[in-house]
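Raw my_file32.txt, compact mmCIF, C-alpha atoms and all ligand atoms:
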```
# COMPACT_ATOMS: atom_id res chain seq x y z
CA MET D 1 -14.20 13.74 14.32
CA SER D 2 -15.23 16.48 11.83
CA GLN D 3 -17.74 15.52 9.16
CA LEU D 4 -16.39 12.53 7.23
CA ARG D 5 -16.35 13.38 3.51
CA ALA D 6 -13.69 11.08 2.02
CA LEU D 7 -11.78 7.85 2.57
CA ILE D 8 -8.14 7.58 1.43
CA PHE D 9 -6.98 3.97 1.03
CA ASP D 10 -3.47 2.65 1.25
CA VAL D 11 -2.99 -0.37 -1.05
CA ASP D 12 -0.43 -2.97 0.01
CA GLY D 13 -1.48 -4.64 3.23
CA THR D 14 -4.66 -2.56 3.49
CA LEU D 15 -6.72 -3.40 0.39
CA ALA D 16 -5.15 -6.86 0.17
CA GLU D 17 -2.32 -8.94 1.65
CA THR D 18 -0.12 -8.28 -1.36
CA GLU D 19 3.32 -8.15 0.26
CA GLU D 20 3.87 -11.89 -0.09
CA THR D 21 3.25 -11.50 -3.83
CA HIS D 22 5.73 -8.60 -3.87
CA ARG D 23 8.29 -10.70 -1.95
CA LEU D 24 8.02 -13.58 -4.44
CA ALA D 25 8.28 -11.13 -7.35
CA PHE D 26 11.48 -9.70 -5.88
CA ASN D 27 12.96 -13.20 -5.44
CA ARG D 28 12.05 -14.25 -9.00
CA THR D 29 13.70 -11.07 -10.27
CA PHE D 30 16.90 -11.73 -8.29
CA ALA D 31 17.04 -15.30 -9.63
CA ASP D 32 16.50 -14.13 -13.23
CA ALA D 33 19.33 -11.61 -12.78
CA GLY D 34 21.68 -14.30 -11.45
CA MET D 35 21.90 -12.52 -8.09
CA ASP D 36 22.42 -14.55 -4.91
CA TRP D 37 19.76 -12.58 -3.04
CA HIS D 38 16.72 -14.38 -1.61
CA TRP D 39 14.48 -12.43 0.77
CA ASP D 40 12.81 -14.77 3.29
CA ARG D 41 9.82 -13.55 5.30
CA GLU D 42 11.83 -12.28 8.26
CA THR D 43 14.29 -10.41 6.03
CA TYR D 44 11.39 -8.93 4.07
CA ARG D 45 9.57 -7.86 7.23
CA ARG D 46 12.72 -5.95 8.22
CA LEU D 47 13.20 -4.49 4.72
CA LEU D 48 9.59 -3.28 4.59
CA LYS D 49 10.68 -0.49 6.89
CA VAL D 50 12.03 1.01 3.66
CA THR D 51 9.10 2.00 1.45
CA GLY D 52 9.34 1.72 -2.31
CA GLY D 53 10.59 -1.44 -3.99
CA LYS D 54 13.43 0.31 -5.84
CA GLU D 55 14.50 2.11 -2.66
CA ARG D 56 14.28 -1.21 -0.75
CA MET D 57 16.67 -2.92 -3.18
CA GLU D 58 19.07 0.04 -3.11
CA HIS D 59 19.00 -0.01 0.69
CA HIS D 60 19.77 -3.74 0.76
CA ALA D 61 22.61 -3.30 -1.75
CA ARG D 62 24.14 -0.62 0.48
CA THR D 63 23.97 -2.82 3.56
CA GLU D 64 25.50 -5.66 1.54
CA GLY D 65 28.19 -3.29 0.25
CA ILE D 66 27.43 -4.03 -3.38
CA ASP D 67 26.35 -1.89 -6.35
CA ILE D 68 23.29 -2.62 -8.50
CA PRO D 69 24.15 -1.29 -12.00
CA ASP D 70 20.57 -0.49 -13.07
CA CYS D 71 18.14 -0.67 -10.14
CA ALA D 72 15.37 0.99 -12.15
CA ALA D 73 15.54 -1.83 -14.71
CA LEU D 74 15.57 -4.44 -11.95
CA HIS D 75 12.51 -2.81 -10.38
CA LYS D 76 10.73 -2.75 -13.74
CA ALA D 77 11.36 -6.51 -14.07
CA LYS D 78 10.05 -7.05 -10.55
CA THR D 79 6.88 -5.11 -11.34
CA ALA D 80 6.33 -7.30 -14.41
CA HIS D 81 6.62 -10.43 -12.22
CA TYR D 82 4.20 -8.90 -9.69
CA VAL D 83 1.60 -7.90 -12.31
CA ARG D 84 1.75 -11.40 -13.85
CA ALA D 85 1.28 -13.02 -10.44
CA ILE D 86 -1.67 -10.80 -9.52
CA ALA D 87 -3.27 -11.44 -12.93
CA GLN D 88 -3.37 -15.16 -12.07
CA GLY D 89 -6.16 -14.14 -9.72
CA ASP D 90 -5.21 -15.88 -6.49
CA ILE D 91 -5.27 -12.63 -4.49
CA ALA D 92 -8.42 -11.45 -2.68
CA LEU D 93 -9.27 -8.14 -1.08
CA ARG D 94 -9.04 -8.23 2.71
CA PRO D 95 -12.28 -8.83 4.67
CA GLY D 96 -14.72 -5.95 4.38
CA VAL D 97 -12.74 -3.88 1.88
CA GLU D 98 -15.19 -4.32 -1.01
CA ARG D 99 -18.18 -3.78 1.28
CA LEU D 100 -16.63 -0.59 2.73
CA ILE D 101 -15.79 0.83 -0.69
CA ARG D 102 -19.30 0.16 -2.01
CA GLU D 103 -21.05 1.45 1.14
CA ALA D 104 -18.87 4.59 1.29
CA ARG D 105 -19.65 5.31 -2.35
CA ALA D 106 -23.39 4.74 -1.80
CA ALA D 107 -23.23 7.13 1.20
CA GLY D 108 -21.76 9.83 -1.06
CA LEU D 109 -18.24 9.79 0.35
CA LYS D 110 -15.37 10.53 -2.02
CA LEU D 111 -12.65 7.89 -2.43
CA ALA D 112 -8.92 8.18 -3.06
CA ILE D 113 -5.81 6.00 -3.07
CA ALA D 114 -2.48 7.02 -1.56
CA THR D 115 0.12 4.30 -2.06
CA THR D 116 3.87 3.85 -2.34
CA THR D 117 3.49 1.03 -4.83
CA SER D 118 3.69 1.41 -8.60
CA ARG D 119 0.60 2.37 -10.61
CA ALA D 120 0.76 -0.83 -12.68
CA ASN D 121 0.46 -2.79 -9.43
CA VAL D 122 -2.64 -0.86 -8.36
CA GLU D 123 -4.27 -1.37 -11.75
CA SER D 124 -3.49 -5.10 -11.74
CA LEU D 125 -4.97 -5.51 -8.25
CA PHE D 126 -8.18 -3.76 -9.25
CA GLU D 127 -8.38 -5.75 -12.48
CA ALA D 128 -8.07 -8.98 -10.49
CA THR D 129 -10.60 -8.01 -7.81
CA LEU D 130 -13.18 -5.23 -8.25
CA GLY D 131 -12.60 -4.83 -11.99
CA ARG D 132 -10.80 -2.04 -13.81
CA GLU D 133 -13.98 0.09 -13.96
CA ALA D 134 -13.82 0.45 -10.15
CA LEU D 135 -10.76 2.67 -10.58
CA THR D 136 -13.17 5.34 -11.85
CA TRP D 137 -14.85 5.40 -8.43
CA PHE D 138 -11.71 7.10 -7.03
CA SER D 139 -11.32 10.89 -7.30
CA ALA D 140 -7.54 10.53 -6.98
CA ILE D 141 -5.17 7.57 -7.40
CA CYS D 142 -1.75 8.66 -6.13
CA CYS D 143 1.10 6.15 -6.58
CA GLY D 144 4.84 5.83 -6.02
CA GLU D 145 5.65 7.40 -9.38
CA ASP D 146 3.67 10.54 -8.52
CA VAL D 147 5.82 11.68 -5.61
CA ALA D 148 9.47 12.61 -5.03
CA ARG D 149 9.38 11.42 -1.41
CA LYS D 150 7.64 8.21 -0.33
CA LYS D 151 5.90 7.37 2.95
CA PRO D 152 6.44 8.22 5.80
CA ASP D 153 6.75 11.54 3.96
CA PRO D 154 3.23 13.04 3.68
CA GLU D 155 3.63 13.99 -0.02
CA VAL D 156 1.38 11.24 -1.37
CA TYR D 157 -1.37 12.12 1.11
CA ALA D 158 -1.09 15.84 0.30
CA LEU D 159 -1.52 14.89 -3.36
CA ALA D 160 -4.60 12.82 -2.52
CA LEU D 161 -6.12 15.73 -0.54
CA SER D 162 -5.55 18.01 -3.50
CA GLY D 163 -7.18 15.50 -5.85
CA LEU D 164 -10.14 15.16 -3.48
CA GLY D 165 -10.49 18.89 -2.89
CA GLU D 166 -11.10 18.13 0.79
CA LEU D 167 -9.59 19.31 4.08
CA PRO D 168 -7.56 16.73 6.02
CA GLN D 169 -9.93 16.81 8.99
CA ASN D 170 -12.82 15.73 6.73
CA CYS D 171 -10.93 12.70 5.48
CA LEU D 172 -9.92 9.35 6.95
CA ALA D 173 -6.80 7.46 5.89
CA LEU D 174 -6.93 3.66 6.05
CA GLU D 175 -3.50 2.15 6.55
CA ASP D 176 -1.71 -1.06 7.63
CA SER D 177 1.77 0.21 8.53
CA ALA D 178 3.64 2.62 10.81
CA ASN D 179 5.15 4.33 7.74
CA GLY D 180 1.67 4.88 6.34
CA LEU D 181 0.33 6.11 9.67
CA ARG D 182 3.19 8.61 9.99
CA ALA D 183 2.59 9.87 6.46
CA ALA D 184 -1.14 10.39 7.09
CA MET D 185 -0.54 12.05 10.47
CA ALA D 186 2.06 14.38 8.95
CA ALA D 187 -0.59 15.39 6.40
CA GLY D 188 -3.02 16.10 9.25
CA ILE D 189 -5.33 13.24 8.27
CA PRO D 190 -6.94 11.01 10.93
CA CYS D 191 -5.85 7.42 10.35
CA LEU D 192 -7.60 4.10 10.92
CA ILE D 193 -5.14 1.24 11.24
CA THR D 194 -5.88 -2.31 10.16
CA PRO D 195 -2.58 -4.22 10.57
CA SER D 196 -1.46 -6.75 7.95
CA ILE D 197 0.63 -9.92 8.25
CA TYR D 198 3.87 -7.92 7.92
CA THR D 199 2.97 -4.96 10.12
CA ASP D 200 1.29 -6.49 13.16
CA HIS D 201 4.30 -5.52 15.34
CA ASP D 202 4.49 -1.91 14.10
CA ASP D 203 4.15 1.04 16.49
CA PHE D 204 0.74 2.59 15.77
CA THR D 205 0.93 5.38 18.35
CA GLY D 206 -1.20 8.29 17.16
CA ALA D 207 -3.70 6.24 15.17
CA THR D 208 -7.26 7.58 15.44
CA ALA D 209 -8.52 4.01 15.70
CA PHE D 210 -7.36 0.44 15.28
CA VAL D 211 -9.41 -2.49 13.90
CA LYS D 212 -8.53 -6.09 13.04
CA ASP D 213 -10.18 -5.67 9.62
CA LEU D 214 -12.78 -3.57 7.79
CA SER D 215 -15.64 -6.07 7.92
CA GLY D 216 -17.83 -3.58 9.81
CA GLY D 217 -18.43 -1.55 6.66
CA ILE D 218 -18.97 2.20 6.72
CA GLU D 219 -20.96 2.09 9.97
CA GLY D 220 -18.12 0.16 11.56
CA VAL D 221 -15.67 2.86 10.47
CA ARG D 222 -17.93 5.66 11.67
CA GLY D 223 -18.34 3.82 14.97
CA VAL D 224 -14.63 3.68 15.72
CA VAL D 225 -13.60 7.11 14.47
CA GLY D 226 -16.54 8.99 16.06
C1 LIG Q 1 3.93 -0.66 0.18
C2 LIG Q 1 5.28 -0.41 -0.33
C3 LIG Q 1 5.59 -0.77 -1.75
C4 LIG Q 1 5.48 -2.29 -1.95
C5 LIG Q 1 6.22 -2.75 -3.18
O1 LIG Q 1 3.10 0.28 -0.44
O2 LIG Q 1 6.10 0.13 0.39
O3 LIG Q 1 6.91 -0.37 -2.00
O4 LIG Q 1 6.09 -2.95 -0.83
O5 LIG Q 1 5.73 -2.07 -4.31
P1 LIG Q 1 1.75 0.85 0.31
P2 LIG Q 1 6.78 -1.37 -5.32
O6 LIG Q 1 2.00 2.33 0.53
O7 LIG Q 1 0.62 0.56 -0.64
O8 LIG Q 1 1.58 0.09 1.63
O9 LIG Q 1 7.86 -2.39 -5.61
O10 LIG Q 1 5.96 -1.01 -6.55
O11 LIG Q 1 7.29 -0.17 -4.59
MG MG Q 2 0.50 -0.53 3.19
```
What is this file in structure tokens?
Amino acid sequence: MSQLRALIFDVDGTLAETEETHRLAFNRTFADAGMDWHWDRETYRRLLKVTGGKERMEHHARTEGIDIPDCAALHKAKTAHYVRAIAQGDIALRPGVERLIREARAAGLKLAIATTTSRANVESLFEATLGREALTWFSAICCGEDVARKKPDPEVYALALSGLGELPQNCLALEDSANGLRAAMAAGIPCLITPSIYTDHDDFTGATAFVKDLSGGIEGVRGVVG
């Protein structure tokens, strides 16, 4: 691998196992709206193939043959449920994530985030884990609202590269899903996969490397990507 100069982190499933919190937030939102939708784990695993919570609900409505009058408003309500749940503090970063972020920073690597989720969700996760100040450690924080096309489109990773001012070959994307891998690959960025509870059956063909988790720190990452 070319000289490693920056790490670009995905959020959901990579920094933390947040998709269960998202799933519960969706279900609370459906109940509040008097809808008869309830996404169990298997349904949600299938629906996660569609990135973006608003797009996921629209997709489900189409398959159900129904119309959601104001999906943006429904998604806003879901985000409020998610942020409240994360603020209760029972979510932890995945093994090794904090160590890797701190060691990468100490080694002079730049950091960025490239996620499909909403900015409020990223901020709430940081607030509940590393602290809001840690957001300043990232040269670029690129979220769902910042792009017209979500993963597996490479737009969010292209935005992160621009914010970093780095070439793709000098960066490493850290992802948990096939959609994320495809987005990073399409942006020309080598990708380290660390599967999450909802993506362990995904097809990770093309990944630069594959680890169970990030507990090896920066030397562990360097060791597997070469
Ligand atoms: C995963 C996603 C997001 C979340 C839900 O994002 O696809 O849509 O499932 O969050 P990541 P929103 O790229 O971090 O893995 O409802 O805010 O979209
Ligand atoms: Mg993810």
Name each residue within 7 Å of ligand MG 2 (chain Q), counting all atoms listed in the file, as a PyMOL selection string.
-> chain D and resi 10-14+175-177+180
Once you have the residues from the selection above, write them out as a short mmCIF file (atom, residue, chain, number, x, y, z; two decimals), in the frame of the given file, restricted to C-alpha atoms.
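Output below, filename again_26.cif:
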```
data_model
loop_
_atom_site.label_atom_id
_atom_site.label_comp_id
_atom_site.auth_asym_id
_atom_site.auth_seq_id
_atom_site.Cartn_x
_atom_site.Cartn_y
_atom_site.Cartn_z
CA ASP D 10 -3.47 2.65 1.25
CA VAL D 11 -2.99 -0.37 -1.05
CA ASP D 12 -0.43 -2.97 0.01
CA GLY D 13 -1.48 -4.64 3.23
CA THR D 14 -4.66 -2.56 3.49
CA GLU D 175 -3.50 2.15 6.55
CA ASP D 176 -1.71 -1.06 7.63
CA SER D 177 1.77 0.21 8.53
CA GLY D 180 1.67 4.88 6.34
#
```
Determine, counting all atoms listed in the file, which protein, DNA and RNA residues have an atom within 6 Å of an atom of segment 16-25 of chain D; residues of the same chain fewer than 4 positions away are not included. Present the result as a VMD selection string.
-> chain D and resid 12 78 81 to 82 93 to 94
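Nearest-residue note for ligand LIG 1 (chain Q): choosing from D:Ala72, D:Ala134, D:Leu192, D:Val97, the minimum distance belongs to D:Ala72, counting all atoms listed in the file.
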At a cut-off of 10 Å, using all atoms listed in the file, what residues contact Cys71 of chain D? Leave out same-chain residues fewer than 4 positions from it and give the result as an mmCIF file with C-alpha atoms, keeping the file's coordinate frame.
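Dumped to out.cif:
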```cif
data_model
loop_
_atom_site.group_PDB
_atom_site.id
_atom_site.type_symbol
_atom_site.label_atom_id
_atom_site.label_comp_id
_atom_site.auth_asym_id
_atom_site.auth_seq_id
_atom_site.Cartn_x
_atom_site.Cartn_y
_atom_site.Cartn_z
ATOM 1 C CA GLY D 53 10.590 -1.440 -3.990
ATOM 2 C CA LYS D 54 13.430 0.310 -5.840
ATOM 3 C CA GLU D 55 14.500 2.110 -2.660
ATOM 4 C CA MET D 57 16.670 -2.920 -3.180
ATOM 5 C CA GLU D 58 19.070 0.040 -3.110
ATOM 6 C CA ALA D 61 22.610 -3.300 -1.750
ATOM 7 C CA ASP D 67 26.350 -1.890 -6.350
ATOM 8 C CA HIS D 75 12.510 -2.810 -10.380
ATOM 9 C CA LYS D 76 10.730 -2.750 -13.740
ATOM 10 C CA ALA D 77 11.360 -6.510 -14.070
#
```
Might you pull out every residue within 12 Å of Phe126 of chain D, with all atoms listed in the file counted and same-chain residues fewer than 2 positions away left off, and present them as number ranges by chain?
-> D: 11, 15-16, 83, 86-87, 89, 91-93, 98, 113, 119-124, 128-138, 141
Choose the residue, out of D:Ala186, D:Ala158, D:Ala140, D:Leu47, that has the smallest atom-to-atom separation from ligand LIG 1 (chain Q); count all atoms listed in the file.
-> D:Leu47
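Distance check against ligand LIG 1 (chain Q) using all atoms listed in the file: of D:Met1, D:Leu74, D:Leu172, D:Ala104, the minimum falls on D:Leu74.
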Just need the box for ligand LIG 1 (chain Q), edges along x, y and z, holding every atom the file lists for it with 4 Å tacked onto each side, so centre and edge lengths in Å to one decimal, as JSON.
```
{"center_x": 4.2, "center_y": -0.3, "center_z": -2.5, "size_x": 15.2, "size_y": 13.3, "size_z": 16.2}
```
Check the smallest atom-to-atom distance from each of D:Ile197, D:Leu48, D:Leu167, D:Ile66 to ligand LIG 1 (chain Q) using only C-alpha atoms and all ligand atoms, then report the winner.
-> D:Leu48
Which polymer residues have any atom within 9 Å of an atom of Pro154 of chain D, counting only C-alpha atoms, with same-chain residues fewer than 2 positions away left out, as a list in words?
->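 The filter keeps Arg149, Lys150, Lys151, Pro152, Val156, Tyr157, Ala158, Leu159, Gly180, Arg182, Ala183, Ala184, Met185, Ala186, Ala187 and Gly188 of chain D.
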Which residue, D:Gly165, D:Gly65, D:Gly216, D:Pro195, has the smallest gap to ligand LIG 1 (chain Q) when you use only C-alpha atoms and all ligand atoms?
->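 Looking at the shortest contact to ligand LIG 1 (chain Q), the residue is D:Pro195.
In terms of minimum interatomic distance to ligand LIG 1 (chain Q), D:Asn179 ranks closest within D:Asn27, D:Asn179, D:Ser139, D:Gln3, counting only C-alpha atoms and all ligand atoms.
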What lies within 9 Å of Lys212 of chain D using all atoms listed in the file, ignoring chain neighbours under 5 positions off, as number ranges by chain?
-> D: 193-196
Output as a compact mmCIF listing (two decimals), in the frame of the given file: segment 147-160 of chain D, completed with N, CA, C and O atoms.
```txt
# COMPACT_ATOMS: atom_id res chain seq x y z
N VAL D 147 5.22 10.88 -6.69
CA VAL D 147 5.82 11.68 -5.61
C VAL D 147 7.35 11.58 -5.66
O VAL D 147 7.91 10.58 -6.11
N ALA D 148 8.00 12.62 -5.13
CA ALA D 148 9.47 12.61 -5.03
C ALA D 148 9.89 11.91 -3.74
O ALA D 148 10.94 11.27 -3.69
N ARG D 149 9.03 12.00 -2.73
CA ARG D 149 9.38 11.42 -1.41
C ARG D 149 8.26 10.47 -1.00
O ARG D 149 7.09 10.85 -0.99
N LYS D 150 8.65 9.23 -0.66
CA LYS D 150 7.64 8.21 -0.33
C LYS D 150 7.34 8.20 1.17
O LYS D 150 8.06 8.80 1.96
N LYS D 151 6.26 7.48 1.53
CA LYS D 151 5.90 7.37 2.95
C LYS D 151 7.14 6.95 3.75
O LYS D 151 7.96 6.18 3.24
N PRO D 152 7.33 7.45 4.93
CA PRO D 152 6.44 8.22 5.80
C PRO D 152 6.36 9.70 5.47
O PRO D 152 5.70 10.45 6.20
N ASP D 153 6.96 10.14 4.36
CA ASP D 153 6.75 11.54 3.96
C ASP D 153 5.27 11.71 3.60
O ASP D 153 4.66 10.82 2.98
N PRO D 154 4.67 12.87 3.93
CA PRO D 154 3.23 13.04 3.68
C PRO D 154 2.88 13.40 2.23
O PRO D 154 1.70 13.56 1.91
N GLU D 155 3.88 13.48 1.34
CA GLU D 155 3.63 13.99 -0.02
C GLU D 155 2.47 13.28 -0.72
O GLU D 155 1.62 13.93 -1.33
N VAL D 156 2.42 11.97 -0.63
CA VAL D 156 1.38 11.24 -1.37
C VAL D 156 -0.01 11.54 -0.79
O VAL D 156 -1.01 11.61 -1.53
N TYR D 157 -0.07 11.78 0.51
CA TYR D 157 -1.37 12.12 1.11
C TYR D 157 -1.77 13.56 0.78
O TYR D 157 -2.95 13.85 0.54
N ALA D 158 -0.78 14.44 0.70
CA ALA D 158 -1.09 15.84 0.30
C ALA D 158 -1.62 15.85 -1.12
O ALA D 158 -2.59 16.56 -1.45
N LEU D 159 -1.05 14.98 -1.96
CA LEU D 159 -1.52 14.89 -3.36
C LEU D 159 -2.95 14.37 -3.40
O LEU D 159 -3.80 14.86 -4.16
N ALA D 160 -3.24 13.39 -2.56
CA ALA D 160 -4.60 12.82 -2.52
C ALA D 160 -5.60 13.87 -2.05
O ALA D 160 -6.70 14.01 -2.61
```
